[in-house]
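This is target38.cif. It holds mmCIF, C-alpha atoms and all ligand atoms.
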data_upload
#
loop_
_atom_site.label_atom_id
_atom_site.label_comp_id
_atom_site.auth_asym_id
_atom_site.auth_seq_id
_atom_site.Cartn_x
_atom_site.Cartn_y
_atom_site.Cartn_z
CA MET A 30 -205.13 -89.74 -74.11
CA ILE A 31 -201.94 -91.80 -73.94
CA SER A 32 -199.49 -92.82 -76.66
CA VAL A 33 -199.31 -96.30 -78.18
CA SER A 34 -195.99 -96.98 -76.51
CA GLU A 35 -197.27 -95.89 -73.10
CA ALA A 36 -200.33 -98.13 -73.61
CA ILE A 37 -198.04 -101.05 -74.41
CA ARG A 38 -195.90 -100.35 -71.38
CA ILE A 39 -198.99 -100.50 -69.13
CA ILE A 40 -200.19 -103.70 -70.80
CA LEU A 41 -196.81 -105.39 -70.34
CA GLU A 42 -196.80 -104.39 -66.69
CA GLN A 43 -200.17 -106.13 -66.20
CA SER A 44 -199.36 -109.25 -68.26
CA LYS A 45 -198.22 -111.78 -65.65
CA PRO A 46 -196.65 -115.04 -66.81
CA LEU A 47 -199.03 -117.99 -66.96
CA PRO A 48 -198.16 -121.26 -65.20
CA THR A 49 -196.22 -123.84 -67.17
CA GLU A 50 -197.18 -127.41 -68.08
CA ARG A 51 -195.61 -130.51 -69.64
CA ALA A 52 -197.01 -131.19 -73.08
CA PRO A 53 -196.40 -134.15 -75.42
CA LEU A 54 -193.78 -133.15 -77.98
CA ALA A 55 -196.08 -133.56 -81.01
CA SER A 56 -198.49 -130.97 -79.61
CA THR A 57 -195.97 -128.21 -78.93
CA LEU A 58 -195.64 -126.59 -82.35
CA ARG A 59 -195.75 -122.76 -81.97
CA ARG A 60 -195.88 -122.92 -78.20
CA ILE A 61 -193.44 -121.05 -76.00
CA LEU A 62 -190.67 -123.02 -74.32
CA ALA A 63 -190.50 -122.71 -70.55
CA GLU A 64 -187.30 -124.69 -69.97
CA GLU A 65 -183.73 -124.87 -71.22
CA ILE A 66 -183.24 -127.66 -73.72
CA VAL A 67 -179.98 -129.49 -73.07
CA ALA A 68 -178.26 -131.98 -75.37
CA ASP A 69 -178.27 -135.41 -73.73
CA SER A 70 -175.65 -136.71 -76.19
CA ASP A 71 -172.92 -135.51 -78.50
CA LEU A 72 -173.90 -134.75 -82.09
CA PRO A 73 -172.93 -136.67 -84.00
CA PRO A 74 -172.73 -139.35 -81.29
CA PHE A 75 -169.80 -141.05 -83.11
CA ASP A 76 -167.43 -140.23 -85.99
CA ARG A 77 -169.91 -140.46 -88.82
CA ALA A 78 -169.34 -141.29 -92.50
CA GLN A 79 -170.59 -138.63 -94.90
CA MET A 80 -170.43 -140.80 -98.03
CA ASP A 81 -170.97 -144.35 -99.16
CA GLY A 82 -167.52 -145.86 -99.78
CA TYR A 83 -164.61 -147.24 -97.78
CA ALA A 84 -163.14 -146.29 -94.42
CA LEU A 85 -159.36 -146.50 -94.66
CA ARG A 86 -155.99 -145.04 -93.63
CA SER A 87 -154.92 -142.12 -95.83
CA SER A 88 -151.26 -143.10 -95.37
CA ASP A 89 -151.99 -146.34 -97.28
CA LEU A 90 -152.73 -144.34 -100.45
CA ALA A 91 -149.23 -143.01 -101.16
CA ASN A 92 -149.00 -144.97 -104.43
CA LEU A 93 -152.12 -145.11 -106.60
CA PRO A 94 -154.07 -147.11 -107.43
CA THR A 95 -153.80 -149.05 -104.17
CA ARG A 96 -155.17 -152.48 -103.24
CA LEU A 97 -156.62 -152.74 -99.74
CA ARG A 98 -157.95 -155.83 -97.99
CA LEU A 99 -161.71 -155.61 -97.25
CA VAL A 100 -162.09 -156.65 -93.60
CA GLY A 101 -165.66 -155.67 -92.77
CA GLU A 102 -168.71 -153.52 -93.28
CA SER A 103 -170.09 -150.62 -91.26
CA ALA A 104 -173.71 -149.77 -92.01
CA ALA A 105 -176.00 -147.17 -90.39
CA GLY A 106 -177.32 -148.79 -87.22
CA ARG A 107 -174.89 -151.73 -87.54
CA GLY A 108 -171.30 -150.57 -87.16
CA TRP A 109 -168.06 -152.55 -87.45
CA HIS A 110 -166.22 -152.53 -84.20
CA GLY A 111 -162.78 -153.89 -85.07
CA VAL A 112 -159.68 -151.81 -85.75
CA VAL A 113 -158.65 -150.92 -89.32
CA LYS A 114 -154.95 -151.79 -89.73
CA GLU A 115 -152.38 -150.96 -92.35
CA GLY A 116 -153.47 -152.16 -95.80
CA GLU A 117 -157.08 -152.67 -94.76
CA ALA A 118 -160.44 -151.07 -95.60
CA VAL A 119 -164.00 -151.34 -94.33
CA ARG A 120 -167.00 -150.90 -96.59
CA ILE A 121 -169.05 -148.03 -95.12
CA MET A 122 -172.42 -146.35 -95.71
CA THR A 123 -173.51 -142.77 -95.14
CA GLY A 124 -174.46 -142.25 -91.48
CA ALA A 125 -172.48 -145.28 -90.24
CA PRO A 126 -169.77 -145.06 -87.56
CA VAL A 127 -166.21 -144.82 -88.88
CA PRO A 128 -164.18 -147.62 -87.27
CA VAL A 129 -161.11 -147.01 -85.13
CA GLY A 130 -157.88 -146.96 -87.14
CA ALA A 131 -159.44 -145.42 -90.26
CA ASP A 132 -158.81 -141.68 -90.65
CA SER A 133 -160.83 -141.02 -93.79
CA VAL A 134 -163.52 -142.27 -96.13
CA GLN A 135 -163.11 -142.60 -99.86
CA LYS A 136 -166.28 -142.47 -101.95
CA VAL A 137 -167.39 -145.57 -103.80
CA GLU A 138 -167.20 -143.76 -107.20
CA VAL A 139 -163.36 -143.77 -107.19
CA THR A 140 -162.98 -147.39 -106.05
CA ARG A 141 -163.60 -150.88 -107.36
CA GLU A 142 -164.32 -153.91 -105.18
CA GLU A 143 -163.50 -157.48 -106.20
CA ASP A 144 -163.21 -160.65 -104.10
CA GLU A 145 -162.50 -159.07 -100.71
CA VAL A 146 -160.12 -156.55 -102.29
CA VAL A 147 -160.74 -152.84 -102.82
CA PHE A 148 -158.86 -150.91 -105.51
CA VAL A 149 -158.66 -147.20 -104.60
CA LYS A 150 -157.87 -144.74 -107.41
CA GLU A 151 -157.67 -141.45 -105.51
CA ALA A 152 -155.86 -140.39 -102.32
CA THR A 153 -157.70 -139.06 -99.24
CA GLN A 154 -156.93 -136.28 -96.77
CA PRO A 155 -157.10 -137.26 -93.09
CA GLY A 156 -160.65 -136.48 -91.93
CA GLN A 157 -162.11 -136.63 -95.40
CA PHE A 158 -165.87 -137.43 -95.48
CA ILE A 159 -165.96 -137.86 -91.70
CA VAL A 160 -168.09 -135.71 -89.40
CA PRO A 161 -166.21 -136.02 -86.07
CA ARG A 162 -168.06 -136.94 -82.93
CA ALA A 163 -169.43 -133.88 -81.06
CA SER A 164 -168.41 -131.52 -83.85
CA GLU A 165 -171.96 -130.13 -84.03
CA ILE A 166 -173.13 -130.24 -80.40
CA ARG A 167 -171.47 -131.34 -77.18
CA ARG A 168 -173.42 -133.28 -74.57
CA GLY A 169 -174.65 -130.86 -71.88
CA GLU A 170 -174.75 -127.89 -74.23
CA LYS A 171 -177.87 -125.65 -74.10
CA VAL A 172 -179.52 -125.76 -77.48
CA LEU A 173 -182.82 -123.89 -76.96
CA LEU A 174 -183.84 -121.35 -74.34
CA PRO A 175 -186.99 -120.49 -72.41
CA GLY A 176 -189.12 -117.96 -74.27
CA GLU A 177 -188.36 -119.30 -77.74
CA GLU A 178 -191.35 -120.18 -79.91
CA ILE A 179 -191.14 -123.81 -81.01
CA ASN A 180 -191.00 -124.08 -84.80
CA ALA A 181 -190.96 -127.13 -87.05
CA ALA A 182 -187.15 -127.31 -87.16
CA MET A 183 -186.95 -127.12 -83.36
CA MET A 184 -189.23 -130.16 -83.16
CA ALA A 185 -186.32 -132.16 -84.62
CA VAL A 186 -183.98 -130.74 -81.98
CA LEU A 187 -186.36 -131.63 -79.15
CA ALA A 188 -186.92 -135.13 -80.56
CA SER A 189 -183.19 -135.76 -81.03
CA PHE A 190 -182.43 -135.02 -77.42
CA GLY A 191 -185.24 -137.18 -76.09
CA TYR A 192 -187.79 -134.57 -75.04
CA ALA A 193 -190.93 -136.74 -75.30
CA GLU A 194 -192.57 -134.05 -73.17
CA VAL A 195 -191.70 -130.38 -73.16
CA LEU A 196 -192.25 -127.75 -70.50
CA VAL A 197 -194.21 -124.94 -72.13
CA SER A 198 -196.39 -122.08 -70.95
CA ARG A 199 -200.02 -122.88 -70.51
CA ARG A 200 -202.09 -121.53 -73.37
CA PRO A 201 -204.02 -118.38 -72.43
CA ARG A 202 -207.81 -118.76 -72.35
CA VAL A 203 -209.38 -115.95 -74.34
CA ALA A 204 -213.09 -115.14 -74.42
CA VAL A 205 -214.40 -112.98 -77.26
CA LEU A 206 -217.62 -111.05 -76.82
CA ALA A 207 -219.20 -108.74 -79.41
CA THR A 208 -221.69 -106.03 -78.50
CA GLY A 209 -224.03 -104.24 -80.88
CA THR A 210 -227.78 -104.50 -81.39
CA GLU A 211 -227.22 -104.29 -85.16
CA LEU A 212 -225.35 -107.61 -85.22
CA VAL A 213 -226.71 -110.93 -86.47
CA LYS A 214 -225.00 -114.30 -86.70
CA VAL A 215 -223.13 -115.42 -89.78
CA ASN A 216 -225.89 -117.87 -90.78
CA GLU A 217 -228.57 -115.20 -90.60
CA LYS A 218 -229.72 -112.77 -93.26
CA PRO A 219 -229.26 -109.21 -91.94
CA GLY A 220 -232.43 -107.11 -91.87
CA ALA A 221 -232.53 -103.55 -93.17
CA ASP A 222 -230.64 -102.04 -90.21
CA GLN A 223 -228.44 -104.99 -89.43
CA ILE A 224 -225.01 -106.38 -90.32
CA ARG A 225 -223.39 -109.75 -89.73
CA ASP A 226 -220.96 -110.01 -86.83
CA SER A 227 -217.51 -110.46 -88.31
CA ASN A 228 -215.34 -109.32 -85.40
CA THR A 229 -215.72 -112.42 -83.27
CA TYR A 230 -214.27 -114.43 -86.16
CA SER A 231 -211.28 -112.21 -86.83
CA LEU A 232 -210.60 -111.73 -83.11
CA ALA A 233 -210.88 -115.44 -82.35
CA SER A 234 -208.52 -116.20 -85.22
CA TYR A 235 -205.93 -113.63 -84.20
CA ALA A 236 -206.12 -114.97 -80.65
CA GLN A 237 -205.56 -118.50 -81.90
CA LEU A 238 -202.57 -117.33 -83.91
CA ALA A 239 -201.27 -115.85 -80.66
CA GLY A 240 -201.44 -119.29 -79.05
CA ALA A 241 -204.73 -118.99 -77.15
CA PHE A 242 -207.67 -121.30 -76.53
CA VAL A 243 -210.62 -119.24 -77.65
CA GLU A 244 -214.25 -119.15 -76.69
CA ARG A 245 -216.61 -117.06 -78.86
CA LEU A 246 -219.53 -115.95 -76.73
CA PRO A 247 -223.08 -115.31 -77.96
CA LEU A 248 -223.70 -111.78 -79.25
CA ALA A 249 -224.56 -109.39 -76.42
CA GLY A 250 -226.61 -106.69 -78.18
CA ASP A 251 -226.44 -103.26 -76.54
CA ASP A 252 -228.18 -104.34 -73.36
CA PRO A 253 -226.36 -103.06 -70.24
CA GLU A 254 -227.66 -105.81 -67.96
CA LEU A 255 -226.95 -108.68 -70.36
CA LEU A 256 -223.55 -107.15 -71.06
CA LYS A 257 -222.67 -107.02 -67.38
CA ARG A 258 -223.72 -110.62 -66.84
CA GLU A 259 -221.80 -111.86 -69.84
CA ILE A 260 -218.67 -109.89 -68.96
CA ARG A 261 -218.73 -111.12 -65.36
CA ASP A 262 -219.19 -114.78 -66.35
CA ALA A 263 -216.67 -114.67 -69.17
CA ALA A 264 -214.05 -112.96 -67.00
CA GLN A 265 -214.33 -115.76 -64.46
CA ARG A 266 -213.25 -118.42 -66.90
CA SER A 267 -210.74 -116.56 -69.05
CA ASP A 268 -207.28 -115.06 -68.73
CA VAL A 269 -208.10 -112.40 -71.30
CA LEU A 270 -211.49 -111.06 -72.26
CA VAL A 271 -211.75 -109.27 -75.59
CA LEU A 272 -214.82 -107.11 -76.13
CA SER A 273 -215.77 -105.55 -79.42
CA GLY A 274 -217.85 -102.41 -79.80
CA GLY A 275 -219.64 -100.08 -77.45
CA VAL A 276 -216.56 -98.14 -76.31
CA SER A 277 -217.26 -94.84 -78.10
CA MET A 278 -219.33 -91.88 -76.95
CA GLY A 279 -222.72 -93.02 -78.34
CA VAL A 280 -225.84 -93.27 -76.22
CA TYR A 281 -225.78 -97.07 -76.62
CA ASP A 282 -222.08 -97.57 -75.90
CA PHE A 283 -222.28 -99.46 -72.60
CA THR A 284 -219.00 -101.36 -72.39
CA LYS A 285 -217.12 -98.94 -70.15
CA ALA A 286 -220.11 -98.42 -67.88
CA ALA A 287 -220.50 -102.19 -67.53
CA LEU A 288 -216.83 -102.62 -66.67
CA LYS A 289 -217.00 -99.84 -64.09
CA ALA A 290 -220.18 -101.23 -62.55
CA LEU A 291 -218.44 -104.60 -62.19
CA GLY A 292 -215.56 -102.95 -60.35
CA ALA A 293 -212.98 -103.36 -63.08
CA GLU A 294 -209.78 -101.38 -62.73
CA ILE A 295 -209.53 -99.26 -65.87
CA PHE A 296 -205.97 -98.45 -66.92
CA PHE A 297 -206.75 -96.41 -70.00
CA GLU A 298 -209.69 -95.70 -72.24
CA ARG A 299 -208.26 -93.62 -75.05
CA VAL A 300 -205.09 -94.04 -77.07
CA SER A 301 -203.54 -91.58 -79.44
CA LEU A 302 -204.02 -93.94 -82.36
CA ARG A 303 -205.79 -94.01 -85.70
CA PRO A 304 -207.70 -96.26 -86.10
CA GLY A 305 -208.48 -97.35 -82.55
CA LYS A 306 -208.68 -94.26 -80.35
CA PRO A 307 -211.41 -95.46 -77.93
CA THR A 308 -209.49 -98.60 -76.89
CA VAL A 309 -210.08 -99.61 -73.26
CA PHE A 310 -207.74 -101.68 -71.14
CA ALA A 311 -208.87 -102.94 -67.75
CA ARG A 312 -208.46 -105.75 -65.24
CA MET A 313 -211.10 -107.70 -63.37
CA GLY A 314 -209.48 -109.89 -60.73
CA ARG A 315 -206.76 -111.69 -62.68
CA THR A 316 -208.45 -111.30 -66.04
CA LEU A 317 -207.20 -108.68 -68.46
CA VAL A 318 -209.96 -106.98 -70.42
CA PHE A 319 -209.58 -105.28 -73.79
CA GLY A 320 -212.53 -103.19 -74.94
CA LEU A 321 -211.87 -102.62 -78.62
CA PRO A 322 -213.73 -100.30 -80.98
CA GLY A 323 -216.22 -102.27 -83.09
CA ASN A 324 -215.13 -101.08 -86.50
CA PRO A 325 -213.70 -104.26 -88.05
CA VAL A 326 -210.44 -102.60 -89.09
CA SER A 327 -210.00 -100.90 -85.70
CA VAL A 328 -210.63 -104.21 -83.99
CA SER A 329 -207.89 -105.92 -85.98
CA VAL A 330 -205.38 -103.11 -85.52
CA THR A 331 -205.97 -102.72 -81.78
CA PHE A 332 -206.06 -106.46 -81.11
CA ASN A 333 -202.69 -106.85 -82.79
CA LEU A 334 -201.07 -103.87 -81.13
CA PHE A 335 -202.42 -104.50 -77.64
CA ALA A 336 -204.08 -107.87 -76.95
CA ARG A 337 -201.50 -109.84 -78.91
CA THR A 338 -198.73 -108.16 -76.95
CA ALA A 339 -200.37 -109.26 -73.71
CA LEU A 340 -200.90 -112.85 -74.90
CA SER A 341 -197.32 -113.10 -76.02
CA ALA A 342 -195.95 -111.71 -72.76
CA MET A 343 -198.19 -113.98 -70.65
CA GLN A 344 -196.66 -116.96 -72.42
CA GLY A 345 -193.17 -115.70 -71.67
CA CYS A 346 -192.34 -115.15 -75.32
CA LEU A 347 -188.92 -113.55 -75.77
CA ALA A 348 -189.51 -112.12 -79.21
CA SER A 349 -191.50 -108.91 -79.14
CA ALA A 350 -194.99 -109.31 -80.58
CA LEU A 351 -194.47 -105.96 -82.25
CA LYS A 352 -191.16 -106.29 -83.96
CA GLU A 353 -190.71 -103.20 -86.10
CA GLU A 354 -189.19 -103.35 -89.55
CA TRP A 355 -188.02 -100.54 -91.79
CA ALA A 356 -189.37 -100.19 -95.31
CA VAL A 357 -189.34 -97.69 -98.14
CA LEU A 358 -192.74 -96.09 -98.62
CA GLU A 359 -194.06 -96.70 -102.12
CA ARG A 360 -196.76 -94.02 -102.27
CA ASN A 361 -197.50 -90.81 -100.38
CA VAL A 362 -199.66 -91.33 -97.28
CA LYS A 363 -201.52 -89.02 -94.96
CA GLY A 364 -200.98 -88.86 -91.22
CA ALA A 365 -202.85 -87.06 -88.48
CA ILE A 366 -201.81 -84.14 -86.32
CA GLU A 367 -203.18 -85.38 -83.05
CA ARG A 368 -202.71 -89.18 -83.35
CA ALA A 369 -200.28 -91.80 -84.62
CA SER A 370 -201.66 -93.57 -87.70
CA TYR A 371 -201.30 -97.27 -88.40
CA LEU A 372 -202.02 -97.75 -92.09
CA PRO A 373 -202.57 -101.11 -93.75
CA ALA A 374 -199.90 -102.07 -96.27
CA GLN A 375 -198.21 -104.91 -98.04
CA LEU A 376 -194.51 -105.47 -97.42
CA GLU A 377 -192.53 -106.59 -100.42
CA THR A 378 -188.92 -106.87 -101.44
CA ASP A 379 -187.87 -105.19 -104.69
CA GLU A 380 -185.20 -106.44 -107.17
CA SER A 381 -182.39 -104.70 -105.27
CA GLY A 382 -183.46 -106.35 -102.02
CA ARG A 383 -185.00 -103.28 -100.41
CA GLN A 384 -188.13 -103.80 -98.35
CA ILE A 385 -191.00 -101.79 -99.79
CA ALA A 386 -194.19 -100.82 -97.96
CA ARG A 387 -197.10 -100.52 -100.36
CA PRO A 388 -200.04 -98.73 -98.72
CA LEU A 389 -203.32 -100.47 -99.53
CA LYS A 390 -205.78 -98.61 -101.70
CA TRP A 391 -208.74 -98.60 -99.42
CA GLY A 392 -211.94 -96.81 -98.67
CA GLY A 393 -210.96 -95.69 -95.18
CA SER A 394 -210.97 -97.29 -91.82
CA SER A 395 -214.17 -99.30 -92.27
CA ASP A 396 -212.90 -101.03 -95.42
CA PHE A 397 -212.21 -104.45 -93.91
CA VAL A 398 -212.37 -106.13 -97.30
CA ALA A 399 -209.29 -104.21 -98.47
CA PHE A 400 -207.71 -104.73 -95.06
CA ALA A 401 -207.86 -108.50 -95.56
CA ARG A 402 -204.90 -108.15 -97.96
CA ALA A 403 -202.71 -106.24 -95.52
CA THR A 404 -199.54 -107.94 -94.28
CA ALA A 405 -198.29 -105.03 -92.17
CA LEU A 406 -199.12 -101.62 -90.76
CA ILE A 407 -197.18 -98.49 -91.65
CA ILE A 408 -196.59 -96.29 -88.60
CA VAL A 409 -197.00 -92.57 -89.19
CA PRO A 410 -196.07 -90.75 -85.98
CA GLU A 411 -198.48 -88.15 -84.67
CA GLY A 412 -197.89 -84.66 -85.91
CA LEU A 413 -197.06 -85.66 -89.49
CA ARG A 414 -199.77 -84.65 -91.92
CA PHE A 415 -198.07 -86.24 -94.84
CA VAL A 416 -195.29 -88.72 -95.62
CA GLU A 417 -193.74 -88.68 -99.05
CA ALA A 418 -193.07 -91.72 -101.24
CA GLY A 419 -189.45 -92.84 -100.85
CA THR A 420 -189.32 -92.05 -97.13
CA ILE A 421 -188.09 -94.84 -94.88
CA VAL A 422 -190.93 -95.70 -92.52
CA ARG A 423 -191.43 -98.02 -89.55
CA THR A 424 -193.83 -100.92 -90.00
CA VAL A 425 -195.17 -103.76 -87.87
CA ARG A 426 -196.09 -107.07 -89.39
CA LEU A 427 -199.56 -108.52 -89.00
CA PRO A 428 -199.71 -112.23 -88.18
CA GLY A 429 -200.25 -114.49 -91.19
P1 LIG B 501 -219.10 -99.40 -82.16
O1 LIG B 501 -217.66 -99.48 -81.73
O2 LIG B 501 -219.98 -100.27 -81.36
O3 LIG B 501 -219.54 -97.96 -82.19
O4 LIG B 501 -219.14 -99.90 -83.66
C1 LIG B 501 -218.45 -99.23 -84.69
C2 LIG B 501 -218.79 -99.80 -86.05
O5 LIG B 501 -218.39 -101.15 -86.11
C3 LIG B 501 -220.27 -99.81 -86.35
O6 LIG B 501 -220.45 -99.50 -87.71
C4 LIG B 501 -220.67 -101.20 -86.05
O7 LIG B 501 -221.81 -101.61 -86.74
C5 LIG B 501 -219.47 -102.00 -86.46
N1 LIG B 501 -219.37 -103.23 -85.68
C6 LIG B 501 -219.46 -103.31 -84.35
N2 LIG B 501 -219.33 -104.59 -83.94
C7 LIG B 501 -219.14 -105.34 -85.04
C8 LIG B 501 -218.93 -106.73 -85.27
N3 LIG B 501 -218.90 -107.60 -84.26
N4 LIG B 501 -218.77 -107.15 -86.54
C9 LIG B 501 -218.80 -106.26 -87.54
N5 LIG B 501 -218.97 -104.95 -87.39
C10 LIG B 501 -219.14 -104.47 -86.16
MG MG B 502 -221.93 -100.58 -81.09
#
Here is the file; what I need is its structure written in the form of structure tokens.
Ligand code: AMP
Ligand code: MG
Amino acid sequence: MISVSEAIRIILEQSKPLPTERAPLASTLRRILAEEIVADSDLPPFDRAQMDGYALRSSDLANLPTRLRLVGESAAGRGWHGVVKEGEAVRIMTGAPVPVGADSVQKVEVTREEDEVVFVKEATQPGQFIVPRASEIRRGEKVLLPGEEINAAMMAVLASFGYAEVLVSRRPRVAVLATGTELVKVNEKPGADQIRDSNTYSLASYAQLAGAFVERLPLAGDDPELLKREIRDAAQRSDVLVLSGGVSMGVYDFTKAALKALGAEIFFERVSLRPGKPTVFARMGRTLVFGLPGNPVSVSVTFNLFARTALSAMQGCLASALKEEWAVLERNVKGAIERASYLPAQLETDESGRQIARPLKWGGSSDFVAFARATALIIVPEGLRFVEAGTIVRTVRLPG
């Protein structure tokens, strides 16, 4: 049995970067950048007015109020390209270029305009209400880096610098396959010994959140031959194959046997983790295979610790998929001697700004209804039977 961190190390070692592709800007939200983004212009591209008012020379305002001659108008998209001379002013709008000669802008509220004359009631400081050219970004500057996940605000950055197409990592193709003779489809009424398959829905959703294209395969039962066929076919058309169920020690747990019969290289098949001990990680050709325990909570925990890490690394994501955060434990929790525990919790911030981890009240590791409210997992290292309220604990966030 290996530790969670050793398992993650092995997974990262096997997670090779996917090829990159150019994608239209509008379709790149949440994808991982594969190129440096470079400013193709200064920002702002010209000295820009920050107020509606008048562009003028501050030295003209020694005696107040002052009369200045109105010689032109500079509007956004339609600047005035003369030179402002002594005793002159140009009417200017927010976002418009400040003409040469003017060193400041006075806001319209402290002026009065009448017949080509502007009366200014308050002095200006040089530079007032002007954002100088290139004061935010210089042309040629790197503004975003490979490995960053594109968010909504970055879309504005990419658009501003003319990236109609963006080089991003190809999305991983994930196939999700559930085993278990007890499973029926969501639109079926389970018989006496049956339950509805829920794992393919949670797994497919987590995989989508991790940036993947997902295929949910038909339920495979606990039929070794069918399982082998489905695994072989699915592995051929996916980068990552996620299997649910059939990895424990039961007589009808065929997943590992199927993988071995297909010649998969098995890297580990047990992790010192609760829930999720019988997790299998293997490779078939270039396809990574995760065999996750079928319990719906175990499936969610192990997908997020292991498969998500692989998907993120394959896309070249810089930020760790498992960023740990500290929090103050709100209630006592139990750990396990022989395994690390990952306990569902809600992370909240109290009035004094401390992050609090509130363990979910739940009926144990099959309580996926309670788990649906979890926003994070509290990590209790192996060997600790008990962690007291008030202790500072490590947590990992679950994706939204
Ligand atoms: P297994 O890992 O196959 O031993 O399954 C462990 C538990 O998870 C059993 O109670 C199964 O019925 C349940 N289970 C397995 N697969 C699924 C699934 N796809 N959806 C919901 N529950 C499942
Ligand atoms: Mg099963």
>> Could you list, as an MDAnalysis selection string, all residues that come within 10 Å of ligand LIG 501 (chain B)? Count all atoms listed in the file.
In response: chainID A and resid 205:215 222:232 248:251 272:284 305 307:308 320:328 395 397
> Skipping near chain neighbours, those fewer than 4 positions away, what residues fall within 8 Å of A:Ile39 using only C-alpha atoms, listed as a list of chain:residue names?
Replying inline: A:Glu35, A:Gln43, A:Phe296
>> Excluding A:Glu170 and its own-chain neighbours fewer than 2 positions away, which residues fall within 7 Å of it when counting only C-alpha atoms? Please give them as number ranges by chain.
In response: A: 67-68, 166-168, 172
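Reported to one decimal place, the separation of atom CA of A:Ala336 from atom CA of A:Ala181 is 25.4 Å.
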> What's the 7 Å shell around stretch 72-76 of chain A, counting only C-alpha atoms, without same-chain residues fewer than 6 positions away, as an MDAnalysis selection string?
Replying inline: chainID A and resid 126:127 159:167
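Residues surrounding stretch 183-197 of chain A within 6 Å are Thr49, Glu50, Arg51, Ala52, Pro53, Leu54, Ile61, Leu62, Ala63, Glu64, Ala68, Asp69, Ile179, Asn180 and Ala181 of chain A [only C-alpha atoms; sequence separation below 2 positions excluded].
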> Near stretch 134-140 of chain A, within 10 Å and counting all atoms listed in the file, which residues show up once chain neighbours fewer than 6 positions away are dropped, as a PyMOL selection string?
Replying inline: chain A and resi 77-87+94-96+118-123+127+147-159
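Taking all atoms listed in the file into account, ligand MG 502 (chain B) lies nearest to A:Asp252 out of the set A:Ser329, A:Glu115, A:Asp252, A:Arg38.
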>> One number please: atom CA of A:Ile260 to atom CA of A:Gln344, in Å, one decimal.
In response: 23.4 Å
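Shortest atom-to-atom contact with A:Thr420 among A:Arg402, A:Arg360, A:Lys289, A:Arg202: A:Arg360, counting all atoms listed in the file.
Atom CA of A:Ile31 is found 6.7 Å from atom CA of A:Arg299.
Closest approach to A:Asp71 among A:Ala182, A:Ser32, A:Lys171, A:Leu47: A:Lys171, based on all atoms listed in the file.
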>> Calculated over only C-alpha atoms, which of the candidates A:Leu288, A:Leu347, A:Leu406, A:Leu372 has the smallest distance to A:Trp391?
In response: A:Leu372
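With all atoms listed in the file as the basis for measurement, A:Pro253 is the residue among A:Pro253, A:Gly345, A:Gly169, A:Gly382 that approaches ligand MG 502 (chain B) most closely.
For the set A:Thr316, A:Ser301, A:Ser198, A:Gln384, the residue with the smallest atom-to-atom gap to A:Leu270 is A:Thr316, counting all atoms listed in the file.
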>> (-195.6, -99.9, -73.3) in this file's frame - what residues fall within 12 Å of it? Use only C-alpha atoms and give the answer as a ChimeraX atom specification.
In response: /A:31-44,300,334-335,338-339,342,349-351
Put the listed atoms of stretch 60-67 of chain A in a box along x, y and z with 8 Å added on every side and give me the centre and edge lengths in Å to one decimal, as JSON.
{"center_x": -187.9, "center_y": -125.3, "center_z": -74.1, "size_x": 31.9, "size_y": 24.4, "size_z": 24.2}
> Hey, can you pull every residue with an atom no more than 8 Å from (-199.5, -91.8, -82.9), using all atoms listed in the file, and send it as a PyMOL selection string?
Replying inline: chain A and resi 32-33+301-303+367-371+408-412
